[in-house]
file run_24.cif (mmCIF, C-alpha atoms)
data_upload
#
loop_
_atom_site.label_atom_id
_atom_site.label_comp_id
_atom_site.auth_asym_id
_atom_site.auth_seq_id
_atom_site.Cartn_x
_atom_site.Cartn_y
_atom_site.Cartn_z
CA MET Z 146 13.53 -41.60 -93.76
CA SER Z 147 16.67 -43.72 -93.89
CA ASP Z 148 20.25 -42.46 -93.78
CA THR Z 149 20.72 -43.34 -97.43
CA ASP Z 150 17.55 -41.94 -98.95
CA PRO Z 151 18.60 -39.09 -101.31
CA SER Z 152 15.21 -38.33 -102.77
CA ASP Z 153 13.73 -36.13 -100.05
CA ILE Z 154 14.89 -32.73 -98.81
CA PRO Z 155 14.25 -32.94 -95.04
CA ASP Z 156 14.24 -29.95 -92.74
CA SER Z 157 17.02 -29.41 -90.22
CA ARG Z 158 15.18 -31.28 -87.49
CA SER Z 159 14.88 -34.50 -89.46
CA ASN Z 160 18.00 -34.43 -91.64
CA PRO Z 161 20.62 -37.10 -90.82
CA TYR Z 162 22.91 -36.04 -93.67
CA PHE Z 163 25.45 -33.34 -92.83
CA ILE Z 164 28.47 -31.92 -94.60
CA GLY Z 165 31.00 -29.25 -93.68
CA HIS Z 166 31.67 -27.42 -90.39
CA GLU Z 167 33.96 -30.13 -89.08
CA ALA Z 168 35.87 -27.63 -86.91
CA ALA Z 169 32.69 -26.53 -85.15
CA GLU Z 170 31.67 -30.15 -84.54
CA LYS Z 171 35.11 -30.89 -83.10
CA SER Z 172 34.92 -27.88 -80.77
CA PHE Z 173 31.64 -29.11 -79.36
CA LEU Z 174 32.79 -32.72 -79.05
CA ASP Z 175 36.04 -31.65 -77.36
CA ALA Z 176 34.07 -29.57 -74.86
CA TRP Z 177 31.86 -32.57 -74.12
CA THR Z 178 34.62 -35.12 -73.74
CA GLY Z 179 36.79 -32.68 -71.81
CA GLY Z 180 34.08 -31.88 -69.28
CA ARG Z 181 34.00 -28.20 -70.32
CA MET Z 182 30.48 -27.87 -71.66
CA ALA Z 183 29.19 -24.32 -71.90
CA HIS Z 184 25.58 -23.93 -70.79
CA ALA Z 185 24.74 -21.94 -73.94
CA TRP Z 186 26.03 -22.17 -77.52
CA LEU Z 187 25.63 -19.43 -80.14
CA ILE Z 188 25.82 -20.87 -83.66
CA CYS Z 189 26.38 -18.08 -86.20
CA GLY Z 190 26.72 -17.70 -89.95
CA PRO Z 191 24.86 -16.80 -93.17
CA ARG Z 192 21.45 -18.27 -93.92
CA GLY Z 193 21.20 -21.73 -95.40
CA ILE Z 194 24.68 -23.04 -94.58
CA GLY Z 195 23.60 -25.64 -92.01
CA LYS Z 196 23.52 -23.81 -88.66
CA ALA Z 197 20.21 -25.29 -87.54
CA ALA Z 198 21.24 -28.70 -88.88
CA LEU Z 199 24.36 -28.55 -86.70
CA ALA Z 200 22.34 -27.37 -83.69
CA TYR Z 201 19.94 -30.32 -84.01
CA ARG Z 202 22.90 -32.65 -84.51
CA MET Z 203 24.40 -31.37 -81.25
CA ALA Z 204 21.06 -31.64 -79.45
CA ARG Z 205 20.50 -35.23 -80.62
CA PHE Z 206 24.00 -36.16 -79.50
CA VAL Z 207 23.44 -34.76 -76.00
CA MET Z 208 20.06 -36.45 -75.63
CA ALA Z 209 21.44 -39.76 -76.86
CA GLN Z 210 24.23 -39.63 -74.29
CA GLY Z 211 21.46 -39.73 -71.70
CA ALA Z 212 22.70 -40.29 -68.21
CA ARG Z 213 26.35 -40.48 -69.22
CA ALA Z 214 28.32 -37.71 -67.60
CA GLN Z 215 30.14 -35.26 -69.83
CA GLY Z 216 33.75 -36.22 -70.05
CA GLY Z 217 33.06 -39.65 -71.50
CA THR Z 218 32.14 -41.64 -68.40
CA ASP Z 219 28.88 -43.53 -68.20
CA MET Z 220 26.73 -43.80 -65.06
CA PHE Z 221 28.71 -46.81 -63.85
CA GLY Z 222 32.08 -45.11 -64.24
CA ALA Z 223 33.18 -46.88 -67.40
CA SER Z 224 35.21 -44.88 -69.88
CA GLU Z 225 33.37 -44.35 -73.13
CA VAL Z 226 34.58 -41.43 -75.26
CA PRO Z 227 32.34 -40.59 -78.24
CA GLU Z 228 34.14 -39.84 -81.49
CA THR Z 229 31.32 -38.29 -83.52
CA LEU Z 230 28.05 -36.39 -83.16
CA GLN Z 231 26.43 -38.58 -85.82
CA LEU Z 232 23.20 -40.34 -84.91
CA SER Z 233 21.34 -42.64 -87.29
CA ALA Z 234 17.92 -41.53 -88.47
CA GLU Z 235 16.67 -44.89 -87.20
CA HIS Z 236 17.76 -44.12 -83.64
CA PRO Z 237 14.78 -43.58 -81.28
CA ILE Z 238 16.22 -40.27 -80.04
CA PHE Z 239 16.54 -39.03 -83.61
CA ARG Z 240 12.93 -39.92 -84.36
CA ARG Z 241 11.59 -38.36 -81.17
CA ILE Z 242 13.39 -35.05 -81.66
CA ALA Z 243 12.37 -34.94 -85.30
CA ALA Z 244 8.76 -35.32 -84.16
CA LEU Z 245 9.28 -32.90 -81.24
CA GLY Z 246 8.26 -35.77 -79.02
CA HIS Z 247 11.13 -35.89 -76.53
CA GLY Z 248 10.16 -34.73 -73.05
CA ASP Z 249 13.55 -33.13 -72.35
CA PHE Z 250 13.82 -31.22 -75.64
CA ARG Z 251 12.06 -28.11 -76.86
CA ALA Z 252 12.45 -26.14 -80.11
CA VAL Z 253 11.50 -22.46 -80.30
CA GLU Z 254 10.70 -20.88 -83.68
CA ARG Z 255 8.59 -18.02 -84.99
CA GLY Z 256 4.92 -18.78 -84.39
CA TRP Z 257 2.20 -18.91 -87.02
CA SER Z 258 0.43 -15.69 -87.97
CA ASP Z 259 -2.70 -17.43 -89.27
CA ALA Z 260 -4.95 -20.24 -88.15
CA LYS Z 261 -4.16 -22.38 -91.21
CA GLN Z 262 -0.42 -22.19 -90.45
CA THR Z 263 0.58 -20.98 -93.90
CA LYS Z 264 2.68 -17.99 -92.84
CA ARG Z 265 4.96 -17.41 -89.90
CA LYS Z 266 5.25 -14.28 -87.79
CA THR Z 267 8.13 -11.91 -88.52
CA VAL Z 268 9.61 -12.24 -85.01
CA ILE Z 269 9.84 -14.64 -82.09
CA GLY Z 270 7.74 -13.09 -79.34
CA VAL Z 271 7.87 -13.43 -75.59
CA ASP Z 272 5.01 -15.96 -75.69
CA GLU Z 273 7.27 -18.42 -77.54
CA VAL Z 274 10.09 -18.17 -74.97
CA ARG Z 275 8.14 -17.46 -71.78
CA SER Z 276 8.27 -21.07 -70.59
CA VAL Z 277 11.92 -21.73 -71.49
CA GLY Z 278 13.26 -20.87 -68.04
CA GLY Z 279 10.78 -23.08 -66.23
CA PHE Z 280 11.33 -25.94 -68.65
CA LEU Z 281 15.12 -25.89 -68.19
CA THR Z 282 14.94 -25.83 -64.39
CA MET Z 283 12.91 -29.03 -64.28
CA THR Z 284 14.70 -32.28 -63.52
CA PRO Z 285 15.41 -34.12 -66.80
CA ALA Z 286 12.72 -36.75 -67.29
CA GLU Z 287 15.21 -39.32 -68.59
CA GLY Z 288 18.14 -38.62 -66.30
CA GLY Z 289 20.19 -36.71 -68.85
CA TRP Z 290 19.91 -33.10 -69.98
CA ARG Z 291 17.22 -30.55 -70.71
CA VAL Z 292 17.81 -28.87 -74.08
CA VAL Z 293 16.22 -25.85 -75.76
CA LEU Z 294 17.02 -24.84 -79.34
CA ILE Z 295 16.03 -21.35 -80.59
CA ASP Z 296 15.98 -20.91 -84.37
CA ALA Z 297 16.68 -18.10 -84.99
CA ALA Z 298 17.64 -16.16 -81.88
CA ASP Z 299 18.26 -12.92 -83.79
CA GLU Z 300 14.57 -12.97 -84.73
CA MET Z 301 13.51 -12.49 -81.10
CA ASN Z 302 11.87 -9.21 -80.20
CA ALA Z 303 13.12 -7.19 -77.22
CA ASN Z 304 10.84 -8.84 -74.65
CA ALA Z 305 11.74 -12.33 -75.84
CA ALA Z 306 15.46 -11.51 -75.79
CA ASN Z 307 15.21 -10.22 -72.23
CA ALA Z 308 13.40 -13.39 -71.16
CA VAL Z 309 16.21 -15.53 -72.61
CA LEU Z 310 18.82 -13.29 -70.97
CA LYS Z 311 17.32 -14.04 -67.56
CA VAL Z 312 17.85 -17.75 -68.21
CA LEU Z 313 21.46 -17.15 -69.25
CA GLU Z 314 22.18 -15.05 -66.16
CA GLU Z 315 21.37 -18.00 -63.88
CA PRO Z 316 21.77 -21.12 -66.03
CA PRO Z 317 20.14 -24.22 -64.57
CA ARG Z 318 22.19 -27.33 -63.90
CA ARG Z 319 22.26 -29.98 -66.64
CA ALA Z 320 20.52 -27.68 -69.09
CA LEU Z 321 21.72 -26.57 -72.52
CA LEU Z 322 20.59 -23.72 -74.71
CA PHE Z 323 21.41 -23.67 -78.44
CA LEU Z 324 20.92 -20.30 -80.17
CA VAL Z 325 21.01 -20.18 -83.97
CA ALA Z 326 21.73 -16.69 -85.35
CA HIS Z 327 21.96 -15.42 -88.92
CA ASN Z 328 23.05 -11.99 -87.70
CA PRO Z 329 24.43 -12.21 -84.15
CA ASP Z 330 25.01 -8.45 -83.99
CA ARG Z 331 21.24 -8.08 -83.60
CA LEU Z 332 21.41 -9.94 -80.31
CA LEU Z 333 21.95 -8.18 -76.99
CA PRO Z 334 25.68 -7.99 -76.18
CA THR Z 335 24.86 -9.52 -72.79
CA ILE Z 336 23.38 -12.56 -74.54
CA ARG Z 337 26.41 -12.95 -76.81
CA SER Z 338 28.84 -12.66 -73.91
CA ARG Z 339 27.17 -15.50 -72.02
CA CYS Z 340 27.40 -18.02 -74.88
CA ARG Z 341 30.15 -20.14 -76.35
CA ARG Z 342 30.22 -18.99 -79.98
CA LEU Z 343 30.65 -21.14 -83.07
CA ASP Z 344 31.09 -19.16 -86.30
CA LEU Z 345 30.26 -21.25 -89.36
CA ARG Z 346 31.64 -20.28 -92.75
CA PRO Z 347 29.83 -20.62 -96.09
CA LEU Z 348 30.16 -24.04 -97.66
CA ALA Z 349 32.70 -24.60 -100.42
CA ASP Z 350 31.33 -24.92 -103.97
CA ARG Z 351 32.21 -28.61 -103.98
CA GLN Z 352 30.20 -29.15 -100.79
CA VAL Z 353 27.17 -27.33 -102.21
CA THR Z 354 27.56 -29.44 -105.36
CA ALA Z 355 27.63 -32.66 -103.31
CA LEU Z 356 24.46 -31.65 -101.46
CA LEU Z 357 22.69 -30.65 -104.67
CA ASN Z 358 23.59 -34.00 -106.22
CA ARG Z 359 21.98 -35.66 -103.22
CA TYR Z 360 18.86 -33.53 -102.90
CA ARG Z 361 18.27 -32.59 -106.54
CA PRO Z 362 19.65 -35.41 -108.72
CA ASP Z 363 17.26 -34.27 -111.47
CA LEU Z 364 19.43 -31.22 -112.24
CA ASP Z 365 21.92 -31.46 -115.08
CA ALA Z 366 25.62 -30.98 -114.34
CA GLY Z 367 25.74 -27.49 -115.85
CA ASP Z 368 22.91 -26.15 -113.71
CA THR Z 369 24.33 -27.81 -110.60
CA ALA Z 370 27.72 -26.18 -111.18
CA ALA Z 371 26.09 -22.78 -111.77
CA LEU Z 372 23.90 -23.06 -108.67
CA ALA Z 373 26.91 -23.96 -106.53
CA VAL Z 374 28.47 -20.58 -107.39
CA LEU Z 375 25.26 -18.52 -107.38
CA ALA Z 376 24.37 -19.86 -103.93
CA ASP Z 377 27.50 -18.28 -102.42
CA GLY Z 378 28.09 -21.14 -100.01
CA SER Z 379 24.46 -21.67 -98.95
CA ILE Z 380 22.78 -24.97 -99.74
CA GLY Z 381 19.49 -23.43 -98.63
CA ARG Z 382 19.88 -20.70 -101.21
CA ALA Z 383 20.96 -23.20 -103.87
CA LEU Z 384 17.78 -25.22 -103.35
CA GLU Z 385 15.64 -22.08 -103.44
CA LEU Z 386 17.25 -20.99 -106.71
CA ALA Z 387 16.76 -24.47 -108.15
CA ASP Z 388 13.06 -24.31 -107.33
CA GLU Z 389 12.75 -20.75 -108.70
CA GLY Z 390 14.56 -21.39 -111.99
CA GLY Z 391 17.45 -19.23 -110.86
CA VAL Z 392 19.97 -20.43 -113.43
CA SER Z 393 17.61 -19.71 -116.31
CA LEU Z 394 16.85 -16.24 -114.91
CA PHE Z 395 20.57 -15.55 -114.51
CA ARG Z 396 21.18 -16.58 -118.12
CA ASP Z 397 18.45 -14.13 -119.17
CA LEU Z 398 20.13 -11.36 -117.19
CA VAL Z 399 23.52 -12.03 -118.73
CA ALA Z 400 22.08 -12.19 -122.26
CA LEU Z 401 20.23 -8.89 -121.79
CA LEU Z 402 23.13 -7.02 -120.18
CA SER Z 403 25.67 -8.25 -122.72
CA ASN Z 404 24.49 -5.44 -125.02
CA ALA Z 405 25.08 -2.72 -122.40
CA PRO Z 406 25.01 0.22 -122.50
CA LYS Z 407 22.39 -0.16 -125.25
CA LEU Z 408 19.86 -2.46 -123.69
CA SER Z 409 17.04 -3.82 -125.79
CA ILE Z 410 13.80 -2.13 -124.71
CA THR Z 411 11.87 -5.21 -125.77
CA GLY Z 412 14.27 -7.43 -123.82
CA VAL Z 413 14.09 -5.25 -120.71
CA HIS Z 414 10.29 -5.36 -120.66
CA ALA Z 415 10.19 -9.08 -121.44
CA LEU Z 416 12.45 -9.82 -118.48
CA ALA Z 417 10.56 -7.36 -116.27
CA ASP Z 418 7.29 -9.08 -117.15
CA LYS Z 419 8.66 -12.23 -115.51
CA ALA Z 420 9.06 -10.26 -112.26
CA LEU Z 421 5.27 -10.21 -111.97
CA ARG Z 422 5.12 -13.97 -111.45
CA GLY Z 423 5.31 -15.43 -107.97
CA ASP Z 424 8.61 -14.65 -106.25
CA VAL Z 425 10.57 -14.01 -109.45
CA PHE Z 426 11.18 -10.33 -108.63
CA ARG Z 427 12.92 -11.23 -105.39
CA THR Z 428 15.02 -13.84 -107.17
CA LEU Z 429 15.97 -11.58 -110.08
CA SER Z 430 16.78 -8.57 -107.93
CA GLY Z 431 18.77 -10.77 -105.56
CA LEU Z 432 20.79 -12.30 -108.38
CA LEU Z 433 21.42 -8.90 -109.97
CA SER Z 434 22.56 -7.35 -106.69
CA TRP Z 435 24.77 -10.32 -105.79
CA TRP Z 436 26.41 -10.48 -109.19
CA LEU Z 437 27.07 -6.74 -109.43
CA ALA Z 438 28.68 -6.74 -105.98
CA ARG Z 439 30.83 -9.68 -107.08
CA VAL Z 440 31.98 -7.91 -110.24
CA ALA Z 441 32.66 -4.59 -108.45
CA ALA Z 442 34.69 -6.31 -105.71
CA HIS Z 443 36.85 -8.27 -108.14
CA GLY Z 444 37.20 -5.22 -110.37
CA ALA Z 445 38.41 -3.13 -107.44
CA ARG Z 446 41.03 -5.75 -106.64
CA GLY Z 447 42.05 -5.97 -110.29
CA ASN Z 448 41.53 -9.74 -110.43
CA LEU Z 449 38.55 -10.25 -112.74
CA SER Z 450 40.47 -13.13 -114.25
CA ALA Z 451 39.92 -15.03 -111.00
CA LEU Z 452 36.15 -15.02 -111.55
CA SER Z 453 34.90 -18.42 -112.62
CA GLU Z 454 32.35 -18.22 -115.42
CA ILE Z 455 28.91 -19.16 -114.09
CA VAL Z 456 27.14 -19.24 -117.46
CA PRO Z 457 28.54 -18.63 -120.98
CA GLY Z 458 29.18 -14.95 -121.65
CA GLU Z 459 29.15 -13.91 -117.99
CA HIS Z 460 32.92 -13.38 -117.72
CA SER Z 461 33.18 -11.25 -120.85
CA LEU Z 462 30.22 -9.18 -119.61
CA ALA Z 463 32.02 -8.54 -116.31
CA GLU Z 464 35.12 -7.37 -118.18
CA LYS Z 465 33.00 -5.13 -120.39
CA LEU Z 466 31.28 -3.44 -117.47
CA ILE Z 467 34.51 -2.80 -115.56
CA ALA Z 468 36.08 -1.36 -118.71
CA ALA Z 469 33.07 0.95 -119.14
CA ALA Z 470 33.05 2.40 -115.62
CA PRO Z 471 35.28 2.20 -112.51
CA PRO Z 472 34.43 -0.19 -109.67
CA ALA Z 473 33.36 2.74 -107.46
CA ALA Z 474 30.64 3.64 -109.97
CA TRP Z 475 29.40 0.05 -109.99
CA ALA Z 476 29.39 -0.01 -106.18
CA GLU Z 477 27.19 3.08 -106.23
CA THR Z 478 24.87 1.44 -108.75
CA TRP Z 479 24.75 -1.67 -106.58
CA GLN Z 480 23.61 0.47 -103.65
CA GLU Z 481 20.89 2.06 -105.78
CA ILE Z 482 19.65 -1.32 -106.96
CA GLY Z 483 19.47 -2.46 -103.35
CA ARG Z 484 17.43 0.58 -102.37
CA ILE Z 485 15.00 0.07 -105.26
CA SER Z 486 14.54 -3.60 -104.35
CA GLU Z 487 14.00 -2.92 -100.64
CA ARG Z 488 11.44 -0.19 -101.33
CA SER Z 489 9.59 -2.34 -103.82
CA LEU Z 490 9.35 -5.30 -101.45
CA ALA Z 491 8.57 -3.27 -98.34
CA LEU Z 492 5.99 -0.97 -99.93
CA HIS Z 493 4.57 -3.42 -102.49
CA LEU Z 494 5.47 -1.14 -105.39
CA ASP Z 495 5.11 -2.05 -109.06
CA ARG Z 496 7.72 -4.80 -109.45
CA LYS Z 497 7.98 -4.54 -113.19
CA ARG Z 498 8.73 -0.82 -112.98
CA SER Z 499 11.25 -1.46 -110.18
CA LEU Z 500 13.16 -4.02 -112.24
CA VAL Z 501 13.15 -1.70 -115.26
CA LEU Z 502 14.70 1.00 -113.05
CA MET Z 503 17.41 -1.41 -111.90
CA LEU Z 504 18.32 -2.46 -115.44
CA THR Z 505 18.24 1.16 -116.61
CA ALA Z 506 20.66 2.12 -113.84
CA ILE Z 507 23.12 -0.49 -115.10
CA GLY Z 508 22.77 0.76 -118.66
CA GLN Z 509 23.39 4.33 -117.57
CA THR Z 510 26.49 3.39 -115.58
CA ALA Z 511 27.86 1.42 -118.52
CA ALA Z 512 27.31 4.50 -120.68
CA GLY Z 513 29.34 6.64 -118.26
CA ARG Z 514 26.37 8.77 -117.21
CA ARG Z 515 26.96 8.28 -113.50
CA ALA Z 516 29.72 9.79 -111.48
CA ALA Z 517 31.98 7.47 -109.50
#

call {"tool": "encode", "arguments": {"input": "run_24.cif", "output": "structure tokens"}}
result
Amino acid sequence: MSDTDPSDIPDSRSNPYFIGHEAAEKSFLDAWTGGRMAHAWLICGPRGIGKAALAYRMARFVMAQGARAQGGTDMFGASEVPETLQLSAEHPIFRRIAALGHGDFRAVERGWSDAKQTKRKTVIGVDEVRSVGGFLTMTPAEGGWRVVLIDAADEMNANAANAVLKVLEEPPRRALLFLVAHNPDRLLPTIRSRCRRLDLRPLADRQVTALLNRYRPDLDAGDTAALAVLADGSIGRALELADEGGVSLFRDLVALLSNAPKLSITGVHALADKALRGDVFRTLSGLLSWWLARVAAHGARGNLSALSEIVPGEHSLAEKLIAAAPPAAWAETWQEIGRISERSLALHLDRKRSLVLMLTAIGQTAAGRRAA
């Protein structure tokens, strides 16, 4: 695809469009131009904010520099200091990495759990990382660097993590390792300590809005604005919610809960019936949990007025719930909703019944039947 094509939603490997995380990009570029490149980089942050996109951007940059030495000097000694990590989608290096066809680059992800490649494994096993050490010790085929990108490193099992640790303990020359991590605390402390860490923050609402306008120009302005808030700084989550009808489901939740503590039995069951379709239960329970945590946190700080209204009626509902029960009671209800959701998903319980239990818990808290 071209740099200006807004119609497709490419994956991180083939996406030339990038927004946000300028400080992280500058840290990497400064390390390169200053001749202080770490042999391993740990790129951390919540899901869907662009960690893998940044990692591939960094990898493409390094591969495109080729035989130029870090510090901005080319192979003939001429000074040439790069000012950006950007590489056009038409660049041969970009195309080869996107196709996983560059001899000096390797990407490690969770393998497929079925022959038809429809579902991935839950972890990255040792088989996926076994050859990383040998690959990085080889002389770069094109005179530059050998690069391995692991997405996501916190999904490695113990054996895989130990295999990567061995590489980090004796890093090969002219080799780089990029580790993407949603939850870096799951990684071995010895892995974390051997990496240069870049912590990425959630995107601003305006940045999520800009990305949605590019990737989903079919959405109306109201839904785009709502998704930018509901996504909580994650363009990945915003796109998932757009595909799952998240704004419409959130409107249904707000409309139903606006009558709390007396919730319509018919309305509860009508909404719960939707949880039986596809991945709607996960979306609904996620939205409910996220929103309740948001309300409880702002209520505890006494600044509900700072909450922007996502859909009509949502702000007045938040005020109503906080007036009906203290924030501590809502925090307890939020924990219970989380437990119900986790059990339902892990044990494949009746999703309709689980959602009814969640909504009932909110009604009971609003009625003052739960202790704070």

call {"tool": "residues_around", "arguments": {"input": "run_24.cif", "residues": "Ala303 (chain Z)", "least_positions_apart": "4", "cutoff": "12 Å", "atoms": "all atoms listed in the file", "output": "MDAnalysis selection string"}}
result
chainID Z and resid 268:271 274 298:299 307:310 331:333 336

call {"tool": "closest_residue", "arguments": {"input": "run_24.cif", "among": "Z:Pro334, Z:Gly195, Z:Pro362, Z:Gly483", "to": "Gly381 (chain Z)", "atoms": "only C-alpha atoms"}}
result
Z:Gly195

call {"tool": "resolve_selection", "arguments": {"input": "run_24.cif", "expression": "the PyMOL selection byres ((chain Z and resi 189) around 9)", "output": "VMD selection string"}}
result
chain Z and resid 187 to 188 190 to 191 196 324 to 329 342 to 346

call {"tool": "residues_around", "arguments": {"input": "run_24.cif", "residues": "Gln352 (chain Z)", "least_positions_apart": "5", "cutoff": "12 Å", "atoms": "all atoms listed in the file", "output": "PyMOL selection string"}}
result
chain Z and resi 163-166+194-195+347+357-359+369-370+372-374+376-380+383

call {"tool": "closest_residue", "arguments": {"input": "run_24.cif", "among": "Z:Arg251, Z:Arg439, Z:His414, Z:Arg422", "to": "Leu375 (chain Z)", "atoms": "only C-alpha atoms"}}
result
Z:Arg439

call {"tool": "residues_around", "arguments": {"input": "run_24.cif", "residues": "Pro471 (chain Z)", "least_positions_apart": "2", "cutoff": "10 Å", "atoms": "all atoms listed in the file", "output": "JSON, numbers by chain"}}
result
{"Z": [441, 444, 445, 466, 467, 468, 469, 473, 474, 475, 476, 510, 511, 513, 516, 517]}

call {"tool": "atom_distance", "arguments": {"input": "run_24.cif", "atom1": "CA of Ala405 (chain Z)", "atom2": "CA of Gly508 (chain Z)"}}
result
5.6 Å

call {"tool": "residues_around", "arguments": {"input": "run_24.cif", "residues": "Leu462 (chain Z)", "least_positions_apart": "2", "cutoff": "9 Å", "atoms": "only C-alpha atoms", "output": "list in words"}}
result
Val399, Leu402, Ser403, Asn404, Ala405, Gly458, Glu459, His460, Glu464, Lys465, Leu466 and Ile467 of chain Z

call {"tool": "closest_residue", "arguments": {"input": "run_24.cif", "among": "Z:Gly180, Z:Pro237, Z:Gly256, Z:Gly447", "to": "Asp296 (chain Z)", "atoms": "all atoms listed in the file"}}
result
Z:Gly256

call {"tool": "closest_residue", "arguments": {"input": "run_24.cif", "among": "Z:Leu348, Z:Leu437, Z:Trp479, Z:Leu398", "to": "Gly412 (chain Z)", "atoms": "only C-alpha atoms"}}
result
Z:Leu398

call {"tool": "resolve_selection", "arguments": {"input": "run_24.cif", "expression": "the PyMOL selection byres ((chain Z and resi 287) around 12)", "output": "MDAnalysis selection string"}}
result
chainID Z and resid 207:213 238 247:250 283:286 288:291 319

call {"tool": "closest_residue", "arguments": {"input": "run_24.cif", "among": "Z:Gln480, Z:Leu504, Z:Asp363, Z:Pro155", "to": "Pro406 (chain Z)", "atoms": "all atoms listed in the file"}}
result
Z:Leu504

call {"tool": "closest_residue", "arguments": {"input": "run_24.cif", "among": "Z:Glu167, Z:Glu315, Z:Asp495, Z:Glu477", "to": "Ala420 (chain Z)", "atoms": "all atoms listed in the file"}}
result
Z:Asp495

call {"tool": "residues_around", "arguments": {"input": "run_24.cif", "residues": "Ile485 (chain Z)", "least_positions_apart": "5", "cutoff": "8 Å", "atoms": "only C-alpha atoms", "output": "number ranges by chain"}}
result
Z: 499, 502-503

call {"tool": "resolve_selection", "arguments": {"input": "run_24.cif", "expression": "the PyMOL selection byres ((chain Z and resi 395) around 10)", "output": "VMD selection string"}}
result
chain Z and resid 371 375 390 to 394 396 to 401 428 to 429 432 to 433 436 455 to 456 459

call {"tool": "write_last_selection", "arguments": {"input": "run_24.cif", "atoms": "C-alpha atoms", "output": "CSV table (one decimal), in the coordinates of the input"}}
result
chain,number,residue,atom,x,y,z
Z,371,ALA,CA,26.1,-22.8,-111.8
Z,375,LEU,CA,25.3,-18.5,-107.4
Z,390,GLY,CA,14.6,-21.4,-112.0
Z,391,GLY,CA,17.4,-19.2,-110.9
Z,392,VAL,CA,20.0,-20.4,-113.4
Z,393,SER,CA,17.6,-19.7,-116.3
Z,394,LEU,CA,16.8,-16.2,-114.9
Z,396,ARG,CA,21.2,-16.6,-118.1
Z,397,ASP,CA,18.4,-14.1,-119.2
Z,398,LEU,CA,20.1,-11.4,-117.2
Z,399,VAL,CA,23.5,-12.0,-118.7
Z,400,ALA,CA,22.1,-12.2,-122.3
Z,401,LEU,CA,20.2,-8.9,-121.8
Z,428,THR,CA,15.0,-13.8,-107.2
Z,429,LEU,CA,16.0,-11.6,-110.1
Z,432,LEU,CA,20.8,-12.3,-108.4
Z,433,LEU,CA,21.4,-8.9,-110.0
Z,436,TRP,CA,26.4,-10.5,-109.2
Z,455,ILE,CA,28.9,-19.2,-114.1
Z,456,VAL,CA,27.1,-19.2,-117.5
Z,459,GLU,CA,29.2,-13.9,-118.0

call {"tool": "atom_distance", "arguments": {"input": "run_24.cif", "atom1": "CA of Gly179 (chain Z)", "atom2": "CA of Leu313 (chain Z)"}}
result
22.0 Å

call {"tool": "atom_distance", "arguments": {"input": "run_24.cif", "atom1": "CA of Ala442 (chain Z)", "atom2": "CA of Arg192 (chain Z)"}}
result
21.4 Å

call {"tool": "build_atoms", "arguments": {"input": "run_24.cif", "residues": "region 263-275 of chain Z", "atoms": "N, CA and C atoms", "output": "PDB file, in the coordinates of the input"}}
result
ATOM      1  N   THR Z 263      -0.034 -21.133 -92.573  1.00  0.00           N
ATOM      2  CA  THR Z 263       0.580 -20.980 -93.900  1.00  0.00           C
ATOM      3  C   THR Z 263       1.672 -19.919 -93.910  1.00  0.00           C
ATOM      4  N   LYS Z 264       1.700 -19.075 -92.884  1.00  0.00           N
ATOM      5  CA  LYS Z 264       2.680 -17.990 -92.840  1.00  0.00           C
ATOM      6  C   LYS Z 264       3.123 -17.757 -91.406  1.00  0.00           C
ATOM      7  N   ARG Z 265       4.433 -17.611 -91.243  1.00  0.00           N
ATOM      8  CA  ARG Z 265       4.960 -17.410 -89.900  1.00  0.00           C
ATOM      9  C   ARG Z 265       5.045 -15.926 -89.548  1.00  0.00           C
ATOM     10  N   LYS Z 266       5.068 -15.649 -88.261  1.00  0.00           N
ATOM     11  CA  LYS Z 266       5.250 -14.280 -87.790  1.00  0.00           C
ATOM     12  C   LYS Z 266       6.645 -13.788 -88.174  1.00  0.00           C
ATOM     13  N   THR Z 267       6.835 -12.485 -88.133  1.00  0.00           N
ATOM     14  CA  THR Z 267       8.130 -11.910 -88.520  1.00  0.00           C
ATOM     15  C   THR Z 267       9.149 -11.994 -87.394  1.00  0.00           C
ATOM     16  N   VAL Z 268       8.692 -12.181 -86.147  1.00  0.00           N
ATOM     17  CA  VAL Z 268       9.610 -12.240 -85.010  1.00  0.00           C
ATOM     18  C   VAL Z 268       9.203 -13.366 -84.064  1.00  0.00           C
ATOM     19  N   ILE Z 269      10.142 -13.741 -83.202  1.00  0.00           N
ATOM     20  CA  ILE Z 269       9.840 -14.640 -82.090  1.00  0.00           C
ATOM     21  C   ILE Z 269       9.450 -13.757 -80.915  1.00  0.00           C
ATOM     22  N   GLY Z 270       8.231 -13.917 -80.433  1.00  0.00           N
ATOM     23  CA  GLY Z 270       7.740 -13.090 -79.340  1.00  0.00           C
ATOM     24  C   GLY Z 270       7.966 -13.715 -77.986  1.00  0.00           C
ATOM     25  N   VAL Z 271       7.647 -12.950 -76.954  1.00  0.00           N
ATOM     26  CA  VAL Z 271       7.870 -13.430 -75.590  1.00  0.00           C
ATOM     27  C   VAL Z 271       7.018 -14.662 -75.284  1.00  0.00           C
ATOM     28  N   ASP Z 272       5.866 -14.802 -75.943  1.00  0.00           N
ATOM     29  CA  ASP Z 272       5.010 -15.960 -75.690  1.00  0.00           C
ATOM     30  C   ASP Z 272       5.721 -17.265 -76.058  1.00  0.00           C
ATOM     31  N   GLU Z 273       6.562 -17.204 -77.104  1.00  0.00           N
ATOM     32  CA  GLU Z 273       7.270 -18.420 -77.540  1.00  0.00           C
ATOM     33  C   GLU Z 273       8.373 -18.821 -76.574  1.00  0.00           C
ATOM     34  N   VAL Z 274       8.948 -17.850 -75.845  1.00  0.00           N
ATOM     35  CA  VAL Z 274      10.090 -18.170 -74.970  1.00  0.00           C
ATOM     36  C   VAL Z 274       9.745 -18.087 -73.488  1.00  0.00           C
ATOM     37  N   ARG Z 275       8.512 -17.691 -73.181  1.00  0.00           N
ATOM     38  CA  ARG Z 275       8.140 -17.460 -71.780  1.00  0.00           C
ATOM     39  C   ARG Z 275       8.412 -18.676 -70.891  1.00  0.00           C
TER      40      ARG Z 275
END
